[in-house]
$ cat structure_8.txt   # compact mmCIF, C-alpha atoms
# COMPACT_ATOMS: atom_id res chain seq x y z
CA MET R 938 111.00 52.60 88.78
CA ALA R 939 109.60 56.12 89.37
CA LEU R 940 106.08 54.92 88.59
CA ALA R 941 106.52 52.07 91.07
CA GLN R 942 107.55 54.49 93.83
CA VAL R 943 104.54 56.70 93.16
CA VAL R 944 102.13 53.75 93.11
CA TYR R 945 103.57 52.44 96.39
CA GLN R 946 103.14 55.86 97.99
CA ILE R 947 99.56 56.10 96.72
CA SER R 948 98.82 52.66 98.17
CA THR R 949 100.31 53.35 101.59
CA ASP R 950 99.72 57.08 102.17
CA LYS R 951 96.11 58.29 101.88
CA GLU R 952 97.10 61.96 102.02
CA PHE R 953 99.52 61.54 99.11
CA ALA R 954 96.88 59.57 97.18
CA SER R 955 94.40 62.41 97.65
CA ARG R 956 96.96 65.03 96.55
CA MET R 957 97.76 62.95 93.45
CA GLN R 958 94.09 63.14 92.49
CA SER R 959 93.77 66.90 93.01
CA ASP R 960 97.19 68.25 91.97
CA PRO R 961 99.47 65.45 90.75
CA GLN R 962 102.36 67.69 89.73
CA ALA R 963 102.53 69.38 93.14
CA ALA R 964 102.29 66.01 94.90
CA LEU R 965 105.20 64.65 92.84
CA ASP R 966 107.28 67.82 93.22
CA ALA R 967 106.91 67.66 97.00
CA GLN R 968 108.52 64.20 96.93
CA GLY R 969 111.12 65.17 94.35
CA TRP R 970 109.75 62.58 91.91
CA THR R 971 109.33 62.92 88.18
CA LEU R 972 106.86 61.13 85.94
CA SER R 973 106.28 61.79 82.26
CA LYS R 974 103.01 63.50 81.30
CA GLU R 975 101.84 60.23 79.76
CA GLU R 976 102.62 58.28 82.93
CA ILE R 977 100.69 60.79 85.06
CA ALA R 978 97.74 60.62 82.67
CA PHE R 979 97.70 56.79 82.58
CA LEU R 980 98.04 56.56 86.36
CA LEU R 981 95.25 59.06 87.03
CA SER R 982 92.95 57.38 84.53
CA THR R 983 93.68 54.05 86.24
CA LEU R 984 92.84 55.55 89.63
CA ARG R 985 89.60 57.03 88.31
CA LYS R 986 88.46 53.99 86.36
CA SER R 987 89.40 51.13 88.65
CA GLU R 988 86.93 50.27 91.36
CA SER R 989 89.35 47.86 92.92
CA THR R 990 92.93 46.93 92.17
CA GLU R 991 93.05 43.81 94.31
CA ILE R 992 94.85 40.94 92.64
CA ARG R 993 91.89 38.58 93.18
CA ARG R 994 89.68 40.92 91.20
CA ILE R 995 92.05 41.77 88.37
CA VAL R 996 92.88 38.15 87.52
CA LYS R 997 89.21 37.13 87.36
CA PRO R 998 88.50 38.53 83.87
CA LEU R 999 91.46 36.48 82.60
CA LEU R 1000 89.30 33.37 82.94
CA ALA R 1001 87.78 34.17 79.57
CA ARG R 1002 91.11 34.56 77.80
CA ASN R 1003 93.29 32.06 76.03
CA TRP R 1004 96.03 34.24 74.70
CA PHE R 1005 99.12 32.58 76.00
CA MET S 1089 95.35 39.32 45.96
CA LEU S 1090 93.78 38.68 49.36
CA GLU S 1091 91.92 41.81 50.45
CA ILE S 1092 90.97 42.71 53.98
CA GLY S 1093 87.33 43.40 53.29
CA SER S 1094 84.20 43.38 55.34
CA ASP S 1095 84.91 39.84 56.59
CA ILE S 1096 88.32 40.47 58.07
CA ASP S 1097 88.26 37.25 60.11
CA TYR S 1098 87.82 35.21 56.92
CA SER S 1099 90.71 37.03 55.19
CA LEU S 1100 93.03 36.47 58.13
CA LYS S 1101 92.01 32.82 58.41
CA GLU S 1102 92.86 32.32 54.72
CA HIS S 1103 96.18 34.03 55.29
CA THR S 1104 96.95 31.84 58.32
CA ASP S 1105 96.18 28.72 56.28
CA SER S 1106 98.57 29.92 53.57
CA VAL S 1107 101.34 30.43 56.14
CA PHE S 1108 100.89 26.87 57.38
CA GLN S 1109 100.89 25.53 53.84
CA LEU S 1110 104.15 27.34 53.13
CA ILE S 1111 105.72 25.76 56.23
CA GLU S 1112 104.54 22.32 55.06
CA ASP S 1113 105.90 22.95 51.56
CA GLY S 1114 109.24 24.00 53.04
CA TRP S 1115 109.49 20.77 55.04
CA ASN S 1116 108.40 18.61 52.10
CA THR S 1117 111.17 19.97 49.89
CA SER S 1118 113.84 20.24 52.58
CA GLY S 1119 115.17 16.70 52.64
CA ALA S 1120 114.41 16.42 56.36
CA TRP S 1121 113.44 12.87 57.39
CA THR S 1122 109.78 12.06 57.88
CA ASP S 1123 110.09 11.43 61.63
CA HIS S 1124 111.76 14.78 62.18
CA VAL S 1125 109.10 16.57 60.14
CA SER S 1126 106.41 14.73 62.12
CA ALA S 1127 107.93 16.00 65.37
CA MET S 1128 108.00 19.56 64.05
CA ARG S 1129 104.42 19.19 62.79
CA LEU S 1130 103.37 18.00 66.24
CA VAL S 1131 104.27 21.34 67.82
CA ILE S 1132 102.93 23.40 64.90
CA PRO S 1133 99.60 21.69 64.26
CA LYS S 1134 97.59 22.88 61.28
CA PRO S 1135 94.72 25.18 62.24
CA SER S 1136 91.42 23.37 62.33
CA ASN S 1137 88.75 24.42 59.86
CA ASN S 1138 85.96 23.96 62.34
CA GLU S 1139 87.11 25.53 65.53
CA GLU S 1140 89.07 28.57 66.54
CA SER S 1141 92.34 27.46 68.03
CA SER S 1142 93.35 28.82 71.39
CA TRP S 1143 97.00 28.10 70.62
CA SER S 1144 98.41 31.55 70.96
CA PRO S 1145 100.80 31.76 67.97
CA LEU S 1146 97.82 31.29 65.66
CA ARG S 1147 96.45 34.54 66.99
CA TRP S 1148 99.70 36.37 66.30
CA VAL S 1149 100.85 34.86 63.01
CA THR S 1150 98.85 37.49 61.12
CA LEU S 1151 100.75 40.40 62.72
CA PRO S 1152 103.34 40.82 59.92
CA GLY S 1153 100.54 40.67 57.33
CA LEU S 1154 98.35 43.21 59.13
CA CYS S 1155 101.27 45.64 59.53
CA CYS S 1156 102.28 45.24 55.89
CA TYR S 1157 98.69 45.76 54.79
CA ALA S 1158 98.34 48.78 57.06
CA VAL S 1159 101.16 50.56 55.22
CA GLY S 1160 99.70 49.74 51.81
CA GLY S 1161 101.14 46.29 51.09
CA GLU S 1162 99.60 42.87 50.53
CA LEU S 1163 99.01 40.08 53.01
CA GLU S 1164 100.51 37.50 50.62
CA SER S 1165 103.86 39.22 50.47
CA THR S 1166 104.39 38.46 54.17
CA LEU S 1167 103.92 34.67 53.97
CA GLU S 1168 107.63 33.86 54.32
CA ILE S 1169 108.34 36.26 57.16
CA SER S 1170 105.16 35.17 58.96
CA ALA S 1171 106.15 31.52 58.59
CA ALA S 1172 109.66 32.31 59.85
CA TRP S 1173 108.27 34.20 62.84
CA LEU S 1174 105.91 31.35 63.76
CA LEU S 1175 108.69 28.76 63.44
CA LEU S 1176 110.98 30.86 65.65
CA TYR S 1177 108.19 31.47 68.17
CA THR S 1178 107.66 27.74 68.51
CA SER S 1179 111.38 26.95 68.59
CA ALA S 1180 111.94 29.51 71.36
CA HIS S 1181 108.92 28.20 73.25
CA ILE S 1182 110.30 24.65 73.26
CA VAL S 1183 113.75 25.78 74.40
CA ASP S 1184 112.22 28.01 77.12
CA THR S 1185 110.03 25.15 78.33
CA ILE S 1186 113.03 22.86 78.75
CA GLU S 1187 115.33 25.50 80.24
CA ASP S 1188 112.70 26.68 82.72
CA GLY S 1189 111.61 23.13 83.64
CA ASP S 1190 108.01 23.96 82.73
CA TYR S 1191 105.40 21.50 81.57
CA ASP S 1192 103.79 21.83 78.16
CA PRO S 1193 101.64 18.97 76.86
CA GLN S 1194 102.72 19.50 73.24
CA VAL S 1195 106.42 19.62 74.11
CA SER S 1196 106.18 16.58 76.38
CA LYS S 1197 104.65 14.60 73.48
CA LEU S 1198 108.01 14.93 71.69
CA GLY S 1199 109.46 12.30 74.01
CA GLY S 1200 112.11 13.94 76.15
CA PRO S 1201 114.40 16.96 76.27
CA GLY S 1202 116.86 15.61 73.68
CA VAL S 1203 114.23 15.18 70.97
CA ALA S 1204 112.61 18.47 71.97
CA ILE S 1205 115.88 20.40 71.56
CA ASN S 1206 116.51 18.72 68.21
CA THR S 1207 112.97 19.62 67.11
CA ALA S 1208 113.57 23.21 68.19
CA ASN S 1209 116.77 23.23 66.10
CA GLY S 1210 114.78 21.93 63.13
CA LEU S 1211 112.21 24.68 63.54
CA PHE S 1212 114.94 27.32 63.86
CA LEU S 1213 116.60 26.18 60.64
CA SER S 1214 113.23 25.92 58.90
CA ALA S 1215 112.71 29.59 59.81
CA ILE S 1216 116.07 30.57 58.33
CA MET S 1217 115.17 28.68 55.14
CA GLN S 1218 111.89 30.60 54.92
CA LEU S 1219 113.79 33.87 55.23
CA GLN S 1220 116.36 32.79 52.63
CA SER S 1221 113.53 32.02 50.21
CA LEU S 1222 112.79 35.77 50.08
CA HIS S 1223 115.68 35.89 47.57
CA GLU S 1224 113.44 34.03 45.11
CA LYS S 1225 110.93 36.88 45.19
CA ASP S 1226 110.98 40.25 43.54
CA ILE S 1227 112.35 42.10 46.54
CA PRO S 1228 115.52 44.26 46.47
CA SER S 1229 118.40 42.29 47.99
CA GLY S 1230 119.30 45.15 50.36
CA GLN S 1231 115.83 45.00 51.85
CA ILE S 1232 116.07 41.21 52.28
CA THR S 1233 119.45 41.58 53.99
CA LYS S 1234 117.94 44.09 56.43
CA ILE S 1235 115.02 41.79 57.22
CA ILE S 1236 117.19 38.70 57.77
CA SER S 1237 119.69 40.68 59.90
CA ASP S 1238 116.80 42.04 61.94
CA TYR S 1239 115.52 38.51 62.62
CA LEU S 1240 118.95 37.22 63.65
CA GLU S 1241 119.80 40.23 65.83
CA THR S 1242 116.44 40.02 67.56
CA ILE S 1243 116.89 36.31 68.31
CA LEU S 1244 120.35 37.00 69.73
CA LEU S 1245 118.85 39.74 71.91
CA MET S 1246 116.16 37.33 73.09
CA THR S 1247 118.76 34.75 74.11
CA SER S 1248 120.50 37.49 76.13
CA GLY S 1249 117.22 38.17 77.94
CA GLN S 1250 116.79 34.45 78.56
CA HIS S 1251 120.35 34.28 79.92
CA LEU S 1252 119.52 36.96 82.50
CA ASP S 1253 116.24 35.20 83.32
CA LEU S 1254 118.04 31.90 83.92
CA THR S 1255 120.92 33.28 85.95
CA VAL S 1256 119.15 35.60 88.42
CA PRO S 1257 117.11 33.83 91.14
CA MET S 1258 114.79 36.74 91.94
CA LEU S 1259 114.25 39.73 89.70
CA ASP S 1260 114.15 43.38 90.65
CA LEU S 1261 111.86 45.64 88.67
CA ASP S 1262 114.53 46.88 86.24
CA GLN S 1263 115.54 43.31 85.50
CA TRP S 1264 111.91 42.25 84.96
CA TRP S 1265 111.42 45.00 82.37
CA GLN S 1266 114.79 44.29 80.77
CA ILE S 1267 113.83 40.64 80.27
CA ALA S 1268 110.30 41.46 79.08
CA GLU S 1269 111.68 44.01 76.61
CA THR S 1270 114.39 41.73 75.21
CA LYS S 1271 112.18 38.67 74.94
CA SER S 1272 108.48 39.30 74.33
CA GLY S 1273 108.79 43.03 73.49
CA ALA S 1274 111.56 42.52 70.95
CA PHE S 1275 109.95 39.49 69.32
CA PHE S 1276 106.52 41.04 68.77
CA SER S 1277 108.18 44.26 67.66
CA LEU S 1278 110.07 42.21 65.06
CA ALA S 1279 106.85 40.68 63.68
CA CYS S 1280 105.31 44.11 63.13
CA ARG S 1281 108.48 45.87 61.95
CA ALA S 1282 109.29 43.14 59.41
CA GLY S 1283 105.76 43.28 58.00
CA ALA S 1284 105.90 47.04 57.56
CA ARG S 1285 109.45 46.93 56.18
CA LEU S 1286 108.41 44.62 53.33
CA GLU S 1287 106.25 47.41 51.93
CA THR S 1288 107.90 50.66 52.96
CA ALA S 1289 111.36 52.08 53.55
CA ASP S 1290 109.92 55.04 55.47
CA PRO S 1291 111.64 54.83 58.90
CA ASP S 1292 108.79 56.66 60.65
CA LYS S 1293 106.23 54.12 59.44
CA ILE S 1294 108.48 51.18 60.26
CA ASP S 1295 109.10 52.62 63.74
CA ALA S 1296 105.39 53.17 64.36
CA TYR S 1297 104.61 49.47 63.82
CA SER S 1298 107.77 48.37 65.60
CA ILE S 1299 106.74 50.36 68.68
CA PHE S 1300 103.20 49.01 68.47
CA GLY S 1301 104.57 45.44 68.47
CA TYR S 1302 106.91 46.23 71.36
CA HIS S 1303 104.03 47.40 73.57
CA LEU S 1304 101.92 44.42 72.49
CA GLY S 1305 104.75 42.08 73.53
CA LEU S 1306 105.04 43.75 76.93
CA LEU S 1307 101.29 43.53 77.48
CA LEU S 1308 101.40 39.82 76.70
CA GLN S 1309 104.18 39.34 79.22
CA ILE S 1310 102.23 41.19 81.93
CA PHE S 1311 99.12 39.11 81.22
CA ASP S 1312 101.21 35.94 81.21
CA ASP S 1313 102.37 36.80 84.73
CA LEU S 1314 98.83 37.57 85.83
CA GLN S 1315 97.77 34.16 84.62
CA ASP S 1316 100.24 32.60 87.08
CA PHE S 1317 98.44 34.42 89.89
CA GLN S 1318 95.14 33.17 88.56
CA THR S 1319 96.52 29.62 88.72
CA LEU S 1320 97.74 30.29 92.26
CA LEU S 1321 94.34 31.49 93.41
CA GLU S 1322 92.59 28.55 91.77
CA SER S 1323 95.00 25.89 93.02
CA ARG S 1324 95.65 27.54 96.39
CA GLU S 1325 99.16 26.13 96.13
CA LEU S 1326 102.43 28.05 96.06
CA ASN S 1327 103.85 25.72 93.46
CA PRO S 1328 107.51 26.54 92.51
CA SER S 1329 106.66 25.86 88.83
CA LEU S 1330 104.53 29.02 88.85
CA ASN S 1331 107.80 30.91 89.14
CA LEU S 1332 106.14 33.70 91.11
CA GLU S 1333 109.56 34.96 92.23
CA LYS S 1334 110.04 36.19 88.68
CA SER S 1335 106.63 37.77 88.20
CA LEU S 1336 106.07 41.48 87.68
CA ALA S 1337 104.08 41.70 90.92
CA SER S 1338 106.95 40.18 92.89
CA ALA S 1339 109.58 42.34 91.20
CA TYR S 1340 107.51 45.40 92.05
CA ALA S 1341 107.01 44.32 95.66
CA TYR S 1342 110.66 43.45 96.03
CA ASP S 1343 111.61 46.94 94.89
CA VAL S 1344 109.16 49.03 96.90
CA LEU S 1345 108.69 47.13 100.18
CA PRO S 1346 110.68 48.21 103.22
CA GLU S 1347 113.48 45.80 104.21
CA THR S 1348 111.57 44.27 107.13
CA THR S 1349 108.52 43.36 105.03
CA LYS S 1350 110.75 42.26 102.16
CA VAL S 1351 112.19 39.39 104.22
CA ASN S 1352 108.69 38.06 104.92
CA PHE S 1353 107.70 38.54 101.29
CA ARG S 1354 110.66 36.49 100.08
CA ARG S 1355 109.74 33.74 102.52
CA LEU S 1356 106.17 33.68 101.21
CA VAL S 1357 106.86 33.86 97.51
CA GLY S 1358 109.46 31.10 97.61
CA ALA S 1359 107.61 28.96 100.13
CA GLY S 1360 106.45 26.10 97.87
CA THR S 1361 103.50 25.25 100.10
CA ASP S 1362 99.82 24.51 99.79
CA GLN S 1363 98.92 26.22 103.05
CA ASP S 1364 95.90 28.40 102.39
CA GLU S 1365 96.90 31.04 104.90
CA MET S 1366 100.29 31.56 103.22
CA VAL S 1367 98.63 32.09 99.83
CA ASP S 1368 96.28 34.62 101.44
CA GLU S 1369 99.17 36.32 103.24
CA LEU S 1370 101.14 36.63 99.98
CA ILE S 1371 98.18 38.18 98.17
CA GLU S 1372 97.59 40.49 101.13
CA VAL S 1373 101.20 41.75 101.04
CA LEU S 1374 100.94 42.36 97.28
CA ASP S 1375 97.61 44.16 97.60
CA GLY S 1376 98.89 46.22 100.52
CA CYS S 1377 101.84 47.58 98.56
CA GLY S 1378 99.78 48.35 95.44
CA ALA S 1379 101.03 45.58 93.11
CA GLY S 1380 97.60 45.38 91.44
CA LEU S 1381 97.42 49.13 90.89
CA TYR S 1382 100.95 49.09 89.48
CA MET S 1383 100.13 46.33 87.00
CA ILE S 1384 96.90 47.99 85.86
CA SER S 1385 98.77 51.28 85.42
CA GLU S 1386 101.42 49.57 83.32
CA ILE S 1387 98.73 47.81 81.25
CA ASN S 1388 97.01 51.15 80.60
CA LYS S 1389 100.33 52.78 79.79
CA HIS S 1390 101.47 50.19 77.24
CA GLN S 1391 98.01 49.98 75.73
CA GLY S 1392 97.90 53.76 75.34
CA LEU S 1393 101.43 54.07 73.95
CA GLY S 1394 100.82 51.23 71.48
CA ILE S 1395 97.63 52.85 70.19
CA ALA S 1396 99.31 56.27 70.01
CA SER S 1397 102.06 54.77 67.89
CA LEU S 1398 99.51 53.25 65.49
CA GLU S 1399 97.56 56.48 65.21
CA LYS S 1400 100.60 58.65 64.62
CA GLY S 1401 99.92 60.99 61.79
CA LYS S 1402 96.86 59.72 59.96
CA PRO S 1403 93.51 57.93 60.17
CA LEU S 1404 93.77 54.19 60.56
CA SER S 1405 93.19 51.75 57.71
CA PRO S 1406 90.99 48.67 58.35
CA ALA S 1407 94.17 46.71 59.11
CA GLY S 1408 95.26 49.45 61.52
CA GLU S 1409 91.86 49.29 63.20
CA GLU S 1410 92.28 45.52 63.56
CA LEU S 1411 95.68 46.04 65.21
CA LYS S 1412 94.18 48.67 67.50
CA SER S 1413 91.41 46.27 68.51
CA ILE S 1414 94.07 43.78 69.60
CA LEU S 1415 95.36 46.31 72.14
CA HIS S 1416 91.83 47.19 73.23
CA GLY S 1417 91.43 43.50 74.09
CA PHE S 1418 93.91 43.90 76.96
CA LYS S 1419 91.35 45.17 79.42
CA LEU S 1420 90.80 43.81 82.86
CA ASP S 1421 87.42 45.43 83.47

$ encode --input "structure_8.txt" --output "structure tokens"
Amino acid sequence: MALAQVVYQISTDKEFASRMQSDPQAALDAQGWTLSKEEIAFLLSTLRKSESTEIRRIVKPLLARNWF
Amino acid sequence: MLEIGSDIDYSLKEHTDSVFQLIEDGWNTSGAWTDHVSAMRLVIPKPSNNEESSWSPLRWVTLPGLCCYAVGGELESTLEISAAWLLLYTSAHIVDTIEDGDYDPQVSKLGGPGVAINTANGLFLSAIMQLQSLHEKDIPSGQITKIISDYLETILLMTSGQHLDLTVPMLDLDQWWQIAETKSGAFFSLACRAGARLETADPDKIDAYSIFGYHLGLLLQIFDDLQDFQTLLESRELNPSLNLEKSLASAYAYDVLPETTKVNFRRLVGAGTDQDEMVDELIEVLDGCGAGLYMISEINKHQGLGIASLEKGKPLSPAGEELKSILHGFKLD
């Protein structure tokens, strides 16, 4: 749930998103939120790596899969 | 002894064939009538020699073997538990398909819900027989008891998850994770834990593979949900059978959206319409609240935690590397 709150804030508040990139711990502390170190690391790596997180884009690579 | 050598795909294919042969042998000596066996065979078709099957259980039936091999055991020693896992996977799939009102071409070939449920019962009992046959092998009885109890407890847990899934019309995020953990997470964790347990009693090693399987199961569930969105975007139809109300994206949106937007979101996700603009509006709401970013973050998280569990302590064996490559396959980029 905490990760969801942080992701929502990143998606709707540019200033918070920018603070999460530069000083994630301070950004979280200011909101009174806690994420594990792993969650912060995975979230930041997602933010750095992903060009776009739009649903249309992320489901496209699934076309090549048949895992279900 | 079947080694995982340079041609790992060949070794695993041989192993998969042996699992299917064991299932056939079990049916042939069970006393089950031919028609019933034919129905069970219909939903567990033998892997083709010429083409790679896309039927998903075939991809996962080697999990117990890989985990056993990774802790120093042999692929062959996992034939019974692999067969049992595959039979249970298929049994659960049939029951889920009927309970959820989904369409599956293999299940529909069985000729109606009554025959399908009876076939699922046959598969379930075939799985129990495979587990019981462990007593004929040179395995300490205490270890066999633990393995069989683990299977039964996990199945009971899965039915609890299915109960929640069936009784709640729209899931919040906690409920989505609870269901994913008790169904897919628990079942894939079982496959890996049982494989490791056949070779070692070391709880740390068993846990490492159990946790790996748990994260793999969760990743599969997330990707399964994403596939529903892919179908939505291809069909441009908010078809109720897609069950988008119970997807991870919807559970996330339902939890984080402010009340005013939530009302509109509920209207959209449950609309059952083929109006293009409503599909676009739904996707726009999900993108606006960061549902895509949330799902990618969760994929990265479970991928990373699964790999960390595999790598705990020591360099990976070839089987461990194969397991790791499975998790690396869950990339969207």

$ residues_around --input "structure_8.txt" --residues "region 967-982 of chain R" --least-positions-apart "6" --cutoff "12 Å" --atoms "only C-alpha atoms" --output "PyMOL selection string"
(chain R and resi 938-944+946-947+953-961+988) or (chain S and resi 1381-1393+1396)

$ interface_residues --input "structure_8.txt" --of "chain S" --to "chain R" --cutoff "8 Å" --atoms "all atoms listed in the file" --output "PyMOL selection string"
chain S and resi 1142-1144+1147+1261-1262+1308+1312+1314-1315+1317-1318+1321+1340+1344+1371+1374-1382+1384-1385+1388-1389+1392+1420-1421

$ residues_around --input "structure_8.txt" --residues "Val1125 (chain S)" --least-positions-apart "4" --cutoff "12 Å" --atoms "all atoms listed in the file" --output "CSV table (one decimal) with C-alpha atoms, in the frame of the given file"
chain,number,residue,atom,x,y,z
S,1111,ILE,CA,105.7,25.8,56.2
S,1112,GLU,CA,104.5,22.3,55.1
S,1113,ASP,CA,105.9,23.0,51.6
S,1114,GLY,CA,109.2,24.0,53.0
S,1115,TRP,CA,109.5,20.8,55.0
S,1116,ASN,CA,108.4,18.6,52.1
S,1117,THR,CA,111.2,20.0,49.9
S,1118,SER,CA,113.8,20.2,52.6
S,1119,GLY,CA,115.2,16.7,52.6
S,1120,ALA,CA,114.4,16.4,56.4
S,1121,TRP,CA,113.4,12.9,57.4
S,1129,ARG,CA,104.4,19.2,62.8
S,1130,LEU,CA,103.4,18.0,66.2
S,1131,VAL,CA,104.3,21.3,67.8
S,1132,ILE,CA,102.9,23.4,64.9
S,1133,PRO,CA,99.6,21.7,64.3
S,1198,LEU,CA,108.0,14.9,71.7
S,1206,ASN,CA,116.5,18.7,68.2
S,1207,THR,CA,113.0,19.6,67.1
S,1208,ALA,CA,113.6,23.2,68.2
S,1209,ASN,CA,116.8,23.2,66.1
S,1210,GLY,CA,114.8,21.9,63.1
S,1211,LEU,CA,112.2,24.7,63.5
S,1214,SER,CA,113.2,25.9,58.9

$ atom_distance --input "structure_8.txt" --atom1 "CA of Cys1155 (chain S)" --atom2 "CA of Ile1182 (chain S)"
26.7 Å

$ atom_distance --input "structure_8.txt" --atom1 "CA of Thr1247 (chain S)" --atom2 "CA of Asp1190 (chain S)"
17.5 Å

$ atom_distance --input "structure_8.txt" --atom1 "CA of His1103 (chain S)" --atom2 "CA of Gly1305 (chain S)"
21.7 Å

$ residues_around --input "structure_8.txt" --residues "Ala1359 (chain S)" --least-positions-apart "2" --cutoff "12 Å" --atoms "only C-alpha atoms" --output "PyMOL selection string"
chain S and resi 1325-1333+1352-1357+1361-1367+1369-1370

$ axis_aligned_box --input "structure_8.txt" --around "region 945-957 of chain R" --padding-each-side "8 Å" --output "JSON"
{"center_x": 99.0, "center_y": 58.7, "center_z": 97.8, "size_x": 25.2, "size_y": 28.6, "size_z": 24.7}

$ closest_residue --input "structure_8.txt" --among "S:Tyr1191, S:Trp1173, S:Phe1311, S:Tyr1342" --to "Leu1278 (chain S)" --atoms "all atoms listed in the file"
S:Trp1173

$ residues_around --input "structure_8.txt" --residues "Asp1192 (chain S)" --least-positions-apart "5" --cutoff "10 Å" --atoms "only C-alpha atoms" --output "list in words"
His1181, Ile1182, Thr1185, Ile1186 and Lys1197 of chain S

$ residues_around --input "structure_8.txt" --residues "Met1246 (chain S)" --least-positions-apart "6" --cutoff "12 Å" --atoms "only C-alpha atoms" --output "ChimeraX atom specification"
/S:1176-1177,1180-1181,1183-1184,1239-1240,1252-1253,1266-1278
